[in-house]
file entry-v8.cif (mmCIF, C-alpha atoms and all ligand atoms)
data_upload
loop_
_atom_site.label_atom_id
_atom_site.label_comp_id
_atom_site.auth_asym_id
_atom_site.auth_seq_id
_atom_site.Cartn_x
_atom_site.Cartn_y
_atom_site.Cartn_z
CA MET A 1 5.73 -2.75 -2.94
CA PRO A 2 3.11 -0.01 -2.68
CA GLU A 3 2.43 1.07 0.89
CA LEU A 4 -0.03 3.53 2.40
CA PRO A 5 1.33 6.70 0.70
CA GLU A 6 1.48 5.02 -2.71
CA VAL A 7 -1.98 3.45 -2.43
CA GLU A 8 -3.44 6.74 -1.20
CA THR A 9 -1.75 8.53 -4.13
CA VAL A 10 -3.39 6.06 -6.53
CA ARG A 11 -6.74 6.52 -4.77
CA ARG A 12 -6.59 10.28 -5.12
CA SER A 13 -5.70 10.11 -8.80
CA LEU A 14 -8.49 7.59 -9.54
CA GLU A 15 -11.22 9.14 -7.41
CA PRO A 16 -12.36 11.97 -9.72
CA HIS A 17 -12.56 9.53 -12.64
CA MET A 18 -14.40 6.75 -10.82
CA VAL A 19 -16.74 8.21 -8.24
CA GLY A 20 -20.08 9.16 -9.77
CA SER A 21 -19.26 7.33 -13.00
CA ARG A 22 -20.84 4.17 -14.33
CA VAL A 23 -19.02 1.03 -15.46
CA VAL A 24 -20.16 0.45 -19.06
CA GLU A 25 -17.72 -2.25 -20.11
CA VAL A 26 -15.77 -4.92 -18.27
CA GLU A 27 -12.91 -6.97 -19.62
CA ALA A 28 -11.61 -9.46 -17.11
CA ARG A 29 -9.09 -12.22 -17.70
CA ALA A 30 -9.32 -15.33 -15.58
CA VAL A 31 -5.92 -15.06 -13.94
CA LYS A 32 -4.75 -16.47 -10.68
CA LEU A 33 -3.65 -13.59 -8.51
CA ARG A 34 -3.27 -13.79 -4.75
CA GLU A 35 -7.04 -13.46 -4.99
CA GLY A 36 -9.09 -13.13 -8.19
CA ILE A 37 -9.96 -12.66 -11.03
CA ARG A 38 -13.26 -14.41 -11.77
CA PRO A 39 -14.55 -12.75 -14.94
CA ALA A 40 -18.17 -13.85 -14.43
CA ASP A 41 -18.25 -12.04 -11.08
CA TRP A 42 -17.06 -8.80 -12.60
CA HIS A 43 -19.54 -8.94 -15.46
CA ARG A 44 -22.51 -9.96 -13.40
CA ARG A 45 -22.04 -7.74 -10.38
CA LEU A 46 -20.09 -4.71 -11.53
CA LEU A 47 -21.19 -4.03 -15.09
CA GLY A 48 -23.68 -1.14 -15.14
CA THR A 49 -22.89 -0.08 -11.60
CA ARG A 50 -22.20 3.52 -10.65
CA VAL A 51 -19.25 3.93 -8.31
CA THR A 52 -20.39 5.75 -5.19
CA ALA A 53 -17.09 5.90 -3.27
CA LEU A 54 -13.43 4.99 -3.58
CA GLU A 55 -11.99 4.21 -0.17
CA ARG A 56 -8.66 3.05 1.16
CA ARG A 57 -8.22 0.76 4.12
CA GLY A 58 -4.58 0.05 4.85
CA LYS A 59 -3.13 -0.97 1.50
CA TYR A 60 -6.53 -1.98 0.07
CA LEU A 61 -8.64 0.10 -2.30
CA ILE A 62 -12.39 -0.37 -2.30
CA ALA A 63 -14.56 0.90 -5.14
CA LYS A 64 -18.08 0.82 -3.76
CA GLY A 65 -20.88 0.43 -6.25
CA GLU A 66 -24.65 0.43 -5.91
CA ARG A 67 -24.88 -3.35 -5.61
CA ALA A 68 -21.37 -4.61 -4.98
CA ALA A 69 -17.85 -3.46 -4.20
CA ALA A 70 -14.57 -4.08 -5.99
CA LEU A 71 -11.67 -4.79 -3.67
CA PHE A 72 -8.12 -4.20 -4.91
CA HIS A 73 -4.67 -4.78 -3.45
CA LEU A 74 -1.60 -3.94 -5.50
CA GLY A 75 0.50 -6.73 -3.99
CA MET A 76 4.17 -6.49 -5.00
CA SER A 77 3.93 -5.03 -8.47
CA GLY A 78 0.30 -4.08 -9.11
CA ARG A 79 -0.71 -0.83 -10.77
CA MET A 80 -4.02 0.84 -11.49
CA VAL A 81 -3.83 3.28 -14.34
CA LEU A 82 -6.16 5.61 -16.25
CA ARG A 83 -6.03 5.22 -20.02
CA ARG A 84 -8.05 6.04 -23.11
CA PRO A 85 -9.37 2.92 -24.90
CA ALA A 86 -7.10 3.48 -27.93
CA GLU A 87 -3.93 3.51 -25.82
CA PRO A 88 -1.92 0.29 -26.01
CA ARG A 89 -2.27 -2.12 -23.14
CA ALA A 90 0.71 -2.92 -20.97
CA PRO A 91 1.62 -6.59 -20.61
CA HIS A 92 -0.15 -8.23 -17.67
CA THR A 93 -3.25 -6.07 -17.95
CA HIS A 94 -5.72 -8.40 -16.25
CA LEU A 95 -8.75 -6.19 -15.82
CA VAL A 96 -10.17 -3.21 -17.70
CA LEU A 97 -13.14 -1.19 -16.48
CA ARG A 98 -14.47 1.33 -18.97
CA PHE A 99 -16.53 4.18 -17.57
CA ASP A 100 -19.35 6.18 -19.14
CA HIS A 101 -17.02 9.13 -19.72
CA GLY A 102 -14.85 6.92 -21.94
CA ILE A 103 -11.78 6.58 -19.73
CA GLU A 104 -10.59 3.13 -18.66
CA VAL A 105 -9.17 2.02 -15.35
CA ARG A 106 -6.74 -0.83 -15.95
CA PHE A 107 -5.40 -3.22 -13.35
CA ILE A 108 -1.92 -4.48 -14.23
CA ASP A 109 0.00 -6.96 -12.12
CA PRO A 110 3.08 -8.73 -13.56
CA ARG A 111 3.96 -10.68 -10.42
CA ARG A 112 0.37 -11.53 -9.56
CA PHE A 113 0.45 -11.00 -5.81
CA GLY A 114 -2.44 -8.57 -6.07
CA VAL A 115 -6.13 -8.85 -5.30
CA ALA A 116 -9.01 -7.87 -7.57
CA VAL A 117 -12.31 -9.33 -6.38
CA VAL A 118 -15.97 -8.35 -6.36
CA LEU A 119 -17.81 -8.65 -3.06
CA ASP A 120 -21.33 -8.00 -1.81
CA LEU A 121 -21.40 -4.73 0.12
CA ASP A 122 -22.51 -6.49 3.29
CA ARG A 123 -19.69 -9.05 3.02
CA LEU A 124 -16.95 -6.49 2.64
CA ASP A 125 -16.05 -6.08 6.31
CA ALA A 126 -15.76 -9.84 6.73
CA HIS A 127 -13.12 -10.19 3.99
CA PRO A 128 -10.00 -11.71 5.61
CA GLY A 129 -7.83 -8.84 4.37
CA LEU A 130 -10.05 -6.21 5.97
CA ALA A 131 -11.59 -7.92 8.99
CA ARG A 132 -8.61 -7.60 11.32
CA LEU A 133 -6.94 -4.44 10.05
CA GLY A 134 -5.51 -2.18 12.73
CA PRO A 135 -6.05 1.59 12.78
CA ASP A 136 -4.90 3.77 9.91
CA PRO A 137 -1.68 5.55 10.90
CA LEU A 138 -2.81 8.83 9.35
CA GLY A 139 -6.12 9.07 11.17
CA GLY A 140 -5.97 6.55 13.98
CA ASP A 141 -4.31 6.27 17.36
CA VAL A 142 -0.78 5.19 16.43
CA GLU A 143 0.65 5.41 19.91
CA GLY A 144 -2.24 3.40 21.36
CA ALA A 145 -1.80 0.74 18.70
CA LEU A 146 1.93 0.47 19.42
CA GLN A 147 1.32 0.31 23.16
CA ALA A 148 -1.23 -2.46 22.65
CA ALA A 149 1.41 -4.42 20.69
CA GLY A 150 4.09 -3.50 23.20
CA ARG A 151 4.21 -6.88 24.93
CA SER A 152 5.30 -8.57 21.72
CA ARG A 153 8.75 -10.14 21.85
CA SER A 154 9.01 -9.84 18.06
CA PRO A 155 11.43 -7.35 16.53
CA ILE A 156 9.74 -3.96 16.22
CA ARG A 157 10.12 -3.99 12.42
CA SER A 158 7.95 -7.13 12.29
CA VAL A 159 5.36 -5.51 14.56
CA LEU A 160 5.17 -2.52 12.22
CA LEU A 161 4.58 -4.79 9.22
CA ASP A 162 1.73 -6.56 11.04
CA GLN A 163 -1.39 -5.10 9.39
CA THR A 164 -3.51 -5.99 12.43
CA VAL A 165 -1.41 -3.57 14.52
CA LEU A 166 -1.36 -0.65 12.07
CA ALA A 167 -2.81 -0.79 8.56
CA GLY A 168 -0.77 0.33 5.59
CA ILE A 169 2.87 0.25 6.69
CA GLY A 170 5.29 -1.85 4.63
CA ASN A 171 9.02 -2.38 4.68
CA ILE A 172 10.15 0.99 3.29
CA TYR A 173 8.29 3.16 5.77
CA ALA A 174 8.85 0.79 8.70
CA ASN A 175 12.61 1.14 8.17
CA GLU A 176 12.38 4.89 7.67
CA ALA A 177 10.22 5.54 10.73
CA LEU A 178 12.59 3.47 12.90
CA SER A 179 15.54 5.45 11.57
CA ARG A 180 13.88 8.74 12.48
CA ALA A 181 12.99 7.47 15.93
CA GLY A 182 16.52 6.16 16.53
CA ILE A 183 15.27 2.63 17.22
CA SER A 184 16.94 -0.50 15.87
CA PRO A 185 14.57 -2.52 13.67
CA LEU A 186 15.82 -5.63 15.47
CA ARG A 187 14.89 -4.42 18.98
CA ARG A 188 12.07 -6.37 20.61
CA ALA A 189 8.85 -4.37 20.81
CA SER A 190 8.61 -5.24 24.51
CA ALA A 191 12.01 -3.64 25.16
CA ILE A 192 11.17 -0.13 23.94
CA ALA A 193 10.54 2.48 26.62
CA PRO A 194 7.22 4.40 26.50
CA ARG A 195 9.01 7.65 25.66
CA ARG A 196 10.54 6.00 22.59
CA VAL A 197 7.21 4.44 21.60
CA ARG A 198 5.82 7.98 21.53
CA ALA A 199 8.73 9.10 19.34
CA LEU A 200 8.12 6.17 17.01
CA ALA A 201 4.42 7.01 16.69
CA GLU A 202 5.39 10.56 15.79
CA ALA A 203 7.98 9.34 13.27
CA ILE A 204 5.46 7.02 11.59
CA ARG A 205 2.95 9.81 11.13
CA ALA A 206 5.63 12.23 9.88
CA VAL A 207 7.24 9.86 7.39
CA LEU A 208 3.90 8.75 5.92
CA THR A 209 2.62 12.33 5.67
CA GLU A 210 5.78 13.53 3.95
CA ALA A 211 5.77 10.57 1.57
CA LEU A 212 2.15 11.21 0.69
CA GLU A 213 2.90 14.87 0.00
CA ALA A 214 5.74 13.76 -2.30
CA GLY A 215 3.39 11.43 -4.20
CA GLY A 216 4.93 8.24 -2.77
CA THR A 217 8.25 6.50 -3.29
CA THR A 218 9.38 5.36 -6.73
CA LEU A 219 12.64 3.44 -6.44
CA ARG A 220 15.35 3.53 -9.05
CA ASP A 221 14.30 0.14 -10.40
CA GLY A 222 10.94 1.67 -11.29
CA GLY A 223 7.79 0.19 -9.90
CA PHE A 224 5.27 2.50 -8.37
CA VAL A 225 3.44 5.11 -10.42
CA SER A 226 0.20 6.97 -9.77
CA ALA A 227 -2.86 6.23 -11.90
CA GLU A 228 -1.80 9.09 -14.15
CA GLY A 229 1.65 7.59 -14.65
CA ASP A 230 3.65 9.87 -12.37
CA GLY A 231 6.42 8.55 -10.16
CA GLY A 232 6.66 9.72 -6.55
CA TYR A 233 9.49 11.86 -5.23
CA PHE A 234 10.00 10.58 -1.69
CA ALA A 235 12.91 8.27 -2.64
CA VAL A 236 15.34 11.19 -2.42
CA LYS A 237 14.50 11.56 1.28
CA LEU A 238 15.04 7.95 2.28
CA GLU A 239 17.49 7.83 5.20
CA VAL A 240 18.20 4.11 5.35
CA TYR A 241 16.03 2.05 3.00
CA GLY A 242 18.09 0.76 0.06
CA ARG A 243 21.23 2.57 1.33
CA ALA A 244 23.31 -0.37 2.63
CA GLY A 245 27.02 0.53 2.58
CA GLU A 246 26.31 4.25 2.24
CA PRO A 247 27.07 6.79 4.98
CA CYS A 248 24.51 7.54 7.68
CA LEU A 249 23.15 11.04 7.16
CA ARG A 250 23.40 11.74 10.91
CA CYS A 251 26.73 10.28 12.06
CA GLY A 252 28.61 9.37 8.88
CA GLY A 253 28.78 5.70 9.94
CA THR A 254 27.77 2.95 7.53
CA ILE A 255 24.17 1.85 6.95
CA VAL A 256 23.91 -1.92 7.23
CA ARG A 257 21.45 -4.37 5.80
CA ARG A 258 20.29 -7.53 7.55
CA ALA A 259 17.74 -10.15 6.55
CA LEU A 260 14.81 -10.45 8.92
CA THR A 261 12.07 -12.98 8.09
CA GLY A 262 12.90 -12.70 4.41
CA ARG A 263 12.63 -8.90 4.20
CA SER A 264 15.69 -6.69 4.54
CA VAL A 265 16.13 -4.25 7.37
CA PHE A 266 18.35 -1.20 6.86
CA TYR A 267 19.71 0.79 9.78
CA CYS A 268 22.61 2.65 11.34
CA PRO A 269 23.93 0.57 14.24
CA ARG A 270 25.35 3.71 15.89
CA CYS A 271 22.24 5.89 15.73
CA GLN A 272 19.60 3.18 16.18
CA ARG A 273 19.52 1.18 19.41
ZN ZN B 301 24.26 6.99 12.21
#
call {"tool": "encode", "arguments": {"input": "entry-v8.cif", "output": "structure tokens"}}
result
Amino acid sequence: MPELPEVETVRRSLEPHMVGSRVVEVEARAVKLREGIRPADWHRRLLGTRVTALERRGKYLIAKGERAAALFHLGMSGRMVLRRPAEPRAPHTHLVLRFDHGIEVRFIDPRRFGVAVVLDLDRLDAHPGLARLGPDPLGGDVEGALQAAGRSRSPIRSVLLDQTVLAGIGNIYANEALSRAGISPLRRASAIAPRRVRALAEAIRAVLTEALEAGGTTLRDGGFVSAEGDGGYFAVKLEVYGRAGEPCLRCGGTIVRRALTGRSVFYCPRCQR
């Protein structure tokens, strides 16, 4: 599932091709995603529009136009790719935006947990996905956000996945940041000392920054690619995620996997308390 570094990687690869360019053709299939796609909306409100900005908020991408904005979320398996019109379309291509320079942006989502909707500019901030987003871990006050959530009796991993606390963290980087900070993903948020909260804030920023520099994480089963089709290289630096049964890189003990609200946690029980 694409998280902040992957979505930001996609944003950076799309930006030079979208911002300042005009949408001259729209092909939209009426598919049921988590949200979207209503073809009439795309034709009526996005066709002919020049994109003025491509922004990221948490895991959402927002292409702002002159009259309306397109809001995207890649869900579990979504991709946004740049292609020439003659290039064959991947299965599950639900939306194609052709720009005045001839390149297409295609939205592909096999598992259909994504979002691709058109919104009025003045309705954007009220969208349920955006309205309650917490600060961005790369620019915002991570420590303050964690302190504010510090009375929660939920396991810290669940707090990190809560997009209203911090926007953009998913299961891979939550597990990795907790590993670096030496904190068990199962520990209650309210039972973490302030000194360790500070260490966790630092670990979150570091792991996301490094992953972004590596172009995101592409796991062995494939999945994430940038808009230009490149995989990311952060997977080689994962300390715990996906490494159940393998030795801990710090102590040589065994990384374990547990289920927690349907999403796995990976950790070293010796190094993470
Ligand atoms: Zn260990």
call {"tool": "residues_near_ligand", "arguments": {"input": "entry-v8.cif", "ligand": "ligand ZN 301 (chain B)", "cutoff": "12 Å", "atoms": "only C-alpha atoms and all ligand atoms", "output": "list in words"}}
result
Ser179, Arg180, Ala181, Gly182, Ile183, Ser184, Glu239, Val240, Gly245, Glu246, Pro247, Cys248, Leu249, Arg250, Cys251, Gly252, Gly253, Thr254, Ile255, Val256, Phe266, Tyr267, Cys268, Pro269, Arg270, Cys271, Gln272 and Arg273 of chain A
call {"tool": "residues_around", "arguments": {"input": "entry-v8.cif", "residues": "Gly48 (chain A)", "least_positions_apart": "5", "cutoff": "12 Å", "atoms": "only C-alpha atoms", "output": "list in words"}}
result
Ser21, Arg22, Val23, Val24, Glu25, Val26, Trp42, His43, Gly65, Glu66, Arg67, Ala68, Leu97, Arg98, Phe99 and Asp100 of chain A
call {"tool": "closest_residue", "arguments": {"input": "entry-v8.cif", "among": "A:Leu61, A:Leu46, A:Leu4, A:Ala211", "to": "Ala167 (chain A)", "atoms": "only C-alpha atoms"}}
result
A:Leu4
call {"tool": "closest_residue", "arguments": {"input": "entry-v8.cif", "among": "A:Ala90, A:Val115, A:Arg205, A:Leu124", "to": "Gly140 (chain A)", "atoms": "all atoms listed in the file"}}
result
A:Arg205
call {"tool": "residues_near_point", "arguments": {"input": "entry-v8.cif", "point": "(-12.8, -12.3, -12.4)", "cutoff": "9 Å", "atoms": "all atoms listed in the file", "output": "number ranges by chain"}}
result
A: 27-31, 36-43, 94-95, 116-118
